[in-house]
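Okay, structure first, notes after.
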Amino acid sequence: MSKIQIRGGNALQGEIRVQGAKNAVLPILAATILTGGQVELFRCPRLKDVEASVRILRALGCEARWEGDTLLVDTTHLTGCTVPDELMRQMRSSAIFLGAILARCGEAELSYPGGCELGPRPIDLHLAGLRELGADIRDSGGILRCTGGHLEGRRLILSIPSVGATENLMLAGCGASGVTVIENAAREPEIGDLQNFLNACGAKVSGAGSSAVTVEGGCKLHGGAYTVMPDRIVTATYLCACAAATGEIFLRETREEHLSTVTALLRRAGCTVSAESGGIRCLSRGRLSAVPPVRTAPYPGFPTDAQAVLMAALLRGRGTTVFEENIFANRYRHVDELARMGADIRVAGRVAVVSGVERLTGAPVRCTDLRGGAALCVAGLQAEGETLVDQTGHIDRGYEDIARDLGALGADMERRE
Ligand code: EPZ
């Protein structure tokens with residue numbers, strides 16, 4: 001497992017292009033199963049979770065190969081409808097394949113996705129919606145044996161606006177007869193990217209971004225070409241890195257409207273953040289100020305995925321910031337590691353109280369999860385001395401190469417095997 005060595009104190013300077021969005025491309029890769037053809041995905045990020053999805057596609061008999069940052073997928077000759085357990089366990093969001101396989105094959109067999117560092121990752125809403133569409137799903141010993149036979153579109157109501165459940169039911173709806181309406185759907189921008197991809201391949205999906213997504217079933221889908229949207233959480237991470245380290249950076253080809261709750265708080269903290277010529281510019285002159293309470297919520301609320309990196313940026317802020325994590329049960333695992341660097345954070349249940357300290361000291365720390373690992377890097381940029389981040393495989397699930405990107409902006413940061 002490689003480590004990342006960071007020597008803090010450098011201000012950041014320069015510009016980089018932001019990678020394609022992990023949380024857009026993962027459901028899109030599942031959706032390629034519905035096309036039964038060739039798909040070209042431009043700006044596809046090279047991530048561990050994308051490689052896990054490619055392994056699942058290949059296990060189903062599909063073909064996939066890279067050409068630069070374009071992923072070519074061919075699902076013409078899909079030969080199977082079973083996802084091996086070891087592949088399901090490699091990625092927390094592998095359940096997203098269920099709806100697509102069911103819609104294409106009329107049956108599917110896969111195990112529950114592995115447990116997750118963030119706490120339980122139930123899929124009860126996915127299964128309830130698929131059953132309402134007519135799927136027969138039996139769970140025996142952690143293996144889900146599904147027969148869809150004939151899915152019938154209908155009005156579905158999600159008890160919570162689950163991103164994955166919304167996406168799974170959009171894909172299943174494409175294979176159902178009649179119209180499926182998903183009420184209380186998740187509104188994340190990645191849902192919009194999935195809708196745009198599906199429609200580019202001949203589907204008729206509308207309403208993404210609102211609380212009601214409508215899928216007209218019975219459309220024959222075909223292959224196509226699509227450019228994945230920029231990753232708004234990677235964007236938020238690098239903005240927080242600049243806020244923490246000070247300096248001025250420009251993030252190319254990314255869209256501020258997708259992370260306006262994050263940029264608003266960075267402005268409150270004292271940064272100058274502006275959208276310009278297709279990207280985002282951030283200027284941080286010095287010590288940040290604490291900000292009003294940060295409550296994570298479904299989009300368009302503050303994204304849970306940006307909670308850890310904003311927390312890391314505020315560790316030396318003037319004053320106290322209160323965080324409230326309302327999406328996942330166990331998303332403060334980075335706190336103990338940040339405390340090793342001198343952070344003052346008090347956690348009680350869903351609330352974390354961050355009191356700004358004068359200085360942080362570099363230390364050996366360990367990634368606990370994807371965004372917690374990125375937070376350790378943000379903290380290391382502003383710490384005195386050397387920080388050695390271990391278990392960086394967690395970070396590689398969502399960032400193509402965080403050391404490459406922040407190093408290109410002037411951070412003293414390198415990967416060590
Ligand atoms: C997606 O996960 C993202 N992952 C997560 O990003 C993100 O944090 C999350 O949405 C919330 O925005 C991908 O898109 C691949 P949910 P997902 O279903 O779909 C509960 C990252 O760091 N729930 O909206 O799993 C669930 O336990 C990752 O990039 C049920 O109870 O999120 C959670 O508490 C982390 N039953 C809440 O809903 C269900 O059937 C939100 O989960 C489904 C979810």
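Residues in the structure tokens are named by chain (A, B, ... in the order shown) and by number from 1 within that chain; ligands are numbered from 1 in the order shown.
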
For ligand 1, collect every residue having any atom at a distance of at most 7 Å from a ligand atom (counting only C-alpha atoms and all ligand atoms); output as a ChimeraX atom specification. /A:22-24,26,93,120-126,160-165,298,303-305,327-329,370-371,398

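For Gly68 of chain A, the residues within 12 Å (counting only C-alpha atoms, excluding itself and residues fewer than 3 positions away along the chain) are Glu40, Leu41, Phe42, Arg43, Cys44, Pro45, Arg46, Arg65, Leu71 and Leu72 of chain A.
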
Residue list (strand (DSSP E), DSSP) for segment 131-291 of chain A, as an MDAnalysis selection string: chainID A and resid 136:140 143:147 155:157 179:183 204:206 212:216 224:227 247:252 272:276 279:284

Write to file, as a JSON list (two decimals), in the first residue's frame, the residues of the selection just made, with C-alpha atoms.
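The new file result-v9.json reads:
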```
[["chain", "number", "residue", "atom", "x", "y", "z"],
["A", 136, "ASP", "CA", -39.29, -11.18, -7.52],
["A", 137, "ILE", "CA", -36.25, -10.83, -5.23],
["A", 138, "ARG", "CA", -35.30, -13.55, -2.79],
["A", 139, "ASP", "CA", -32.49, -13.14, -0.29],
["A", 140, "SER", "CA", -30.86, -16.38, 0.73],
["A", 143, "ILE", "CA", -27.27, -13.67, -2.12],
["A", 144, "LEU", "CA", -30.05, -11.81, -3.94],
["A", 145, "ARG", "CA", -31.77, -13.98, -6.55],
["A", 146, "CYS", "CA", -33.91, -11.73, -8.72],
["A", 147, "THR", "CA", -36.28, -12.56, -11.51],
["A", 155, "ARG", "CA", -45.43, 5.52, -9.39],
["A", 156, "LEU", "CA", -42.80, 4.88, -6.73],
["A", 157, "ILE", "CA", -42.27, 6.95, -3.59],
["A", 179, "VAL", "CA", -44.13, 4.84, -17.30],
["A", 180, "THR", "CA", -42.23, 4.85, -14.00],
["A", 181, "VAL", "CA", -42.34, 7.96, -11.84],
["A", 182, "ILE", "CA", -39.89, 8.14, -8.92],
["A", 183, "GLU", "CA", -41.19, 10.54, -6.26],
["A", 204, "LYS", "CA", -36.87, 8.93, -22.50],
["A", 205, "VAL", "CA", -36.06, 10.12, -18.97],
["A", 206, "SER", "CA", -37.04, 13.51, -17.55],
["A", 212, "ALA", "CA", -39.86, 13.55, -9.48],
["A", 213, "VAL", "CA", -38.04, 11.59, -12.18],
["A", 214, "THR", "CA", -40.10, 10.09, -15.00],
["A", 215, "VAL", "CA", -38.94, 7.15, -17.13],
["A", 216, "GLU", "CA", -40.87, 6.09, -20.23],
["A", 224, "GLY", "CA", -23.37, 6.29, -28.02],
["A", 225, "ALA", "CA", -20.72, 8.74, -26.85],
["A", 226, "TYR", "CA", -20.86, 10.79, -23.68],
["A", 227, "THR", "CA", -18.66, 13.15, -21.69],
["A", 247, "GLY", "CA", -2.55, 30.93, -2.43],
["A", 248, "GLU", "CA", -4.48, 31.30, -5.65],
["A", 249, "ILE", "CA", -5.60, 28.44, -7.90],
["A", 250, "PHE", "CA", -7.85, 27.99, -10.94],
["A", 251, "LEU", "CA", -9.75, 24.74, -11.38],
["A", 252, "ARG", "CA", -10.52, 24.28, -15.07],
["A", 272, "THR", "CA", -12.42, 34.85, -2.65],
["A", 273, "VAL", "CA", -14.15, 32.25, -4.83],
["A", 274, "SER", "CA", -15.39, 33.10, -8.31],
["A", 275, "ALA", "CA", -16.72, 31.21, -11.31],
["A", 276, "GLU", "CA", -14.95, 32.31, -14.49],
["A", 279, "GLY", "CA", -13.90, 26.99, -14.08],
["A", 280, "ILE", "CA", -13.53, 28.22, -10.51],
["A", 281, "ARG", "CA", -10.85, 30.57, -9.13],
["A", 282, "CYS", "CA", -10.01, 30.54, -5.41],
["A", 283, "LEU", "CA", -7.84, 33.03, -3.51],
["A", 284, "SER", "CA", -6.96, 32.50, 0.17]]
```

Applying 8 Å and only C-alpha atoms, which residues near segment 96-110 of chain A remain after dropping the ones on its own chain fewer than 3 positions away? List them as a PyMOL selection string. chain A and resi 27+30-31+33-34+81-85+88+93+130+143-151+164-165+167-176

Write out as number ranges by chain each polymer residue whose atoms come within 6 Å of Thr361 of chain A, counting only C-alpha atoms; drop sequence neighbours fewer than 5 positions from it. A: 341, 383-384

Please produce a file of those selected residues containing all heavy atoms, as a compact mmCIF listing (two decimals), in the first residue's frame.
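And here is the file that came out, result39.txt:
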```
# COMPACT_ATOMS: atom_id res chain seq x y z
N MET A 341 -2.62 15.40 14.74
CA MET A 341 -1.86 16.54 14.17
C MET A 341 -2.09 17.81 14.99
O MET A 341 -1.63 18.89 14.62
CB MET A 341 -2.29 16.75 12.71
CG MET A 341 -2.03 15.54 11.83
SD MET A 341 -2.76 15.71 10.18
CE MET A 341 -1.69 16.95 9.48
N ALA A 383 0.16 21.92 7.95
CA ALA A 383 0.82 21.51 9.19
C ALA A 383 2.31 21.83 9.11
O ALA A 383 2.89 21.86 8.01
CB ALA A 383 0.62 20.01 9.41
N GLU A 384 2.92 22.06 10.25
CA GLU A 384 4.37 22.28 10.28
C GLU A 384 5.06 20.92 10.26
O GLU A 384 4.67 20.02 11.00
CB GLU A 384 4.76 23.06 11.55
CG GLU A 384 4.24 24.49 11.52
CD GLU A 384 4.44 25.20 12.86
OE1 GLU A 384 5.16 24.64 13.73
OE2 GLU A 384 3.87 26.30 13.02
```

Check segment 29-67 of chain A with DSSP on the backbone and list each residue it calls alpha helix (DSSP H), as an MDAnalysis selection string. chainID A and resid 29:35 48:59

I'd like the neighbourhood of Leu78 of chain A as a PyMOL selection string, where a residue qualifies if any of its atoms comes within 9 Å (using only C-alpha atoms), though same-chain residues fewer than 5 positions away should be ignored. chain A and resi 33+36+57-58+60-63

Selection file, N, CA, C and O atoms, as a PDB file, in the first residue's frame:
```pdb
ATOM      1  N   ILE A  33     -25.077  -1.343 -19.725  1.00  0.00           N
ATOM      2  CA  ILE A  33     -25.651  -2.688 -19.925  1.00  0.00           C
ATOM      3  C   ILE A  33     -26.959  -2.602 -20.707  1.00  0.00           C
ATOM      4  O   ILE A  33     -27.291  -3.459 -21.526  1.00  0.00           O
ATOM      5  N   GLY A  36     -26.743  -2.386 -24.923  1.00  0.00           N
ATOM      6  CA  GLY A  36     -26.487  -3.532 -25.816  1.00  0.00           C
ATOM      7  C   GLY A  36     -25.640  -3.132 -27.012  1.00  0.00           C
ATOM      8  O   GLY A  36     -25.772  -3.670 -28.103  1.00  0.00           O
ATOM      9  N   LEU A  57     -18.382  -5.550 -15.345  1.00  0.00           N
ATOM     10  CA  LEU A  57     -18.859  -5.602 -16.741  1.00  0.00           C
ATOM     11  C   LEU A  57     -18.207  -6.770 -17.483  1.00  0.00           C
ATOM     12  O   LEU A  57     -18.866  -7.521 -18.209  1.00  0.00           O
ATOM     13  N   ARG A  58     -16.914  -6.958 -17.294  1.00  0.00           N
ATOM     14  CA  ARG A  58     -16.214  -8.054 -17.978  1.00  0.00           C
ATOM     15  C   ARG A  58     -16.709  -9.412 -17.468  1.00  0.00           C
ATOM     16  O   ARG A  58     -16.869 -10.365 -18.248  1.00  0.00           O
ATOM     17  N   LEU A  60     -19.587 -10.061 -16.724  1.00  0.00           N
ATOM     18  CA  LEU A  60     -20.899 -10.288 -17.353  1.00  0.00           C
ATOM     19  C   LEU A  60     -20.762 -10.552 -18.845  1.00  0.00           C
ATOM     20  O   LEU A  60     -21.755 -10.694 -19.558  1.00  0.00           O
ATOM     21  N   GLY A  61     -19.504 -10.588 -19.322  1.00  0.00           N
ATOM     22  CA  GLY A  61     -19.279 -10.881 -20.740  1.00  0.00           C
ATOM     23  C   GLY A  61     -19.108  -9.651 -21.608  1.00  0.00           C
ATOM     24  O   GLY A  61     -19.000  -9.744 -22.835  1.00  0.00           O
ATOM     25  N   CYS A  62     -19.106  -8.474 -21.007  1.00  0.00           N
ATOM     26  CA  CYS A  62     -18.934  -7.238 -21.785  1.00  0.00           C
ATOM     27  C   CYS A  62     -17.445  -6.958 -21.993  1.00  0.00           C
ATOM     28  O   CYS A  62     -16.596  -7.557 -21.319  1.00  0.00           O
ATOM     29  N   GLU A  63     -17.168  -6.049 -22.916  1.00  0.00           N
ATOM     30  CA  GLU A  63     -15.773  -5.661 -23.173  1.00  0.00           C
ATOM     31  C   GLU A  63     -15.571  -4.211 -22.742  1.00  0.00           C
ATOM     32  O   GLU A  63     -16.514  -3.398 -22.816  1.00  0.00           O
TER      33      GLU A  63
END
```

Choose the residue, out of A:Ile56, A:Tyr299, A:His258, A:Tyr238, that has the smallest atom-to-atom separation from Gly14 of chain A; count only C-alpha atoms. A:Tyr238
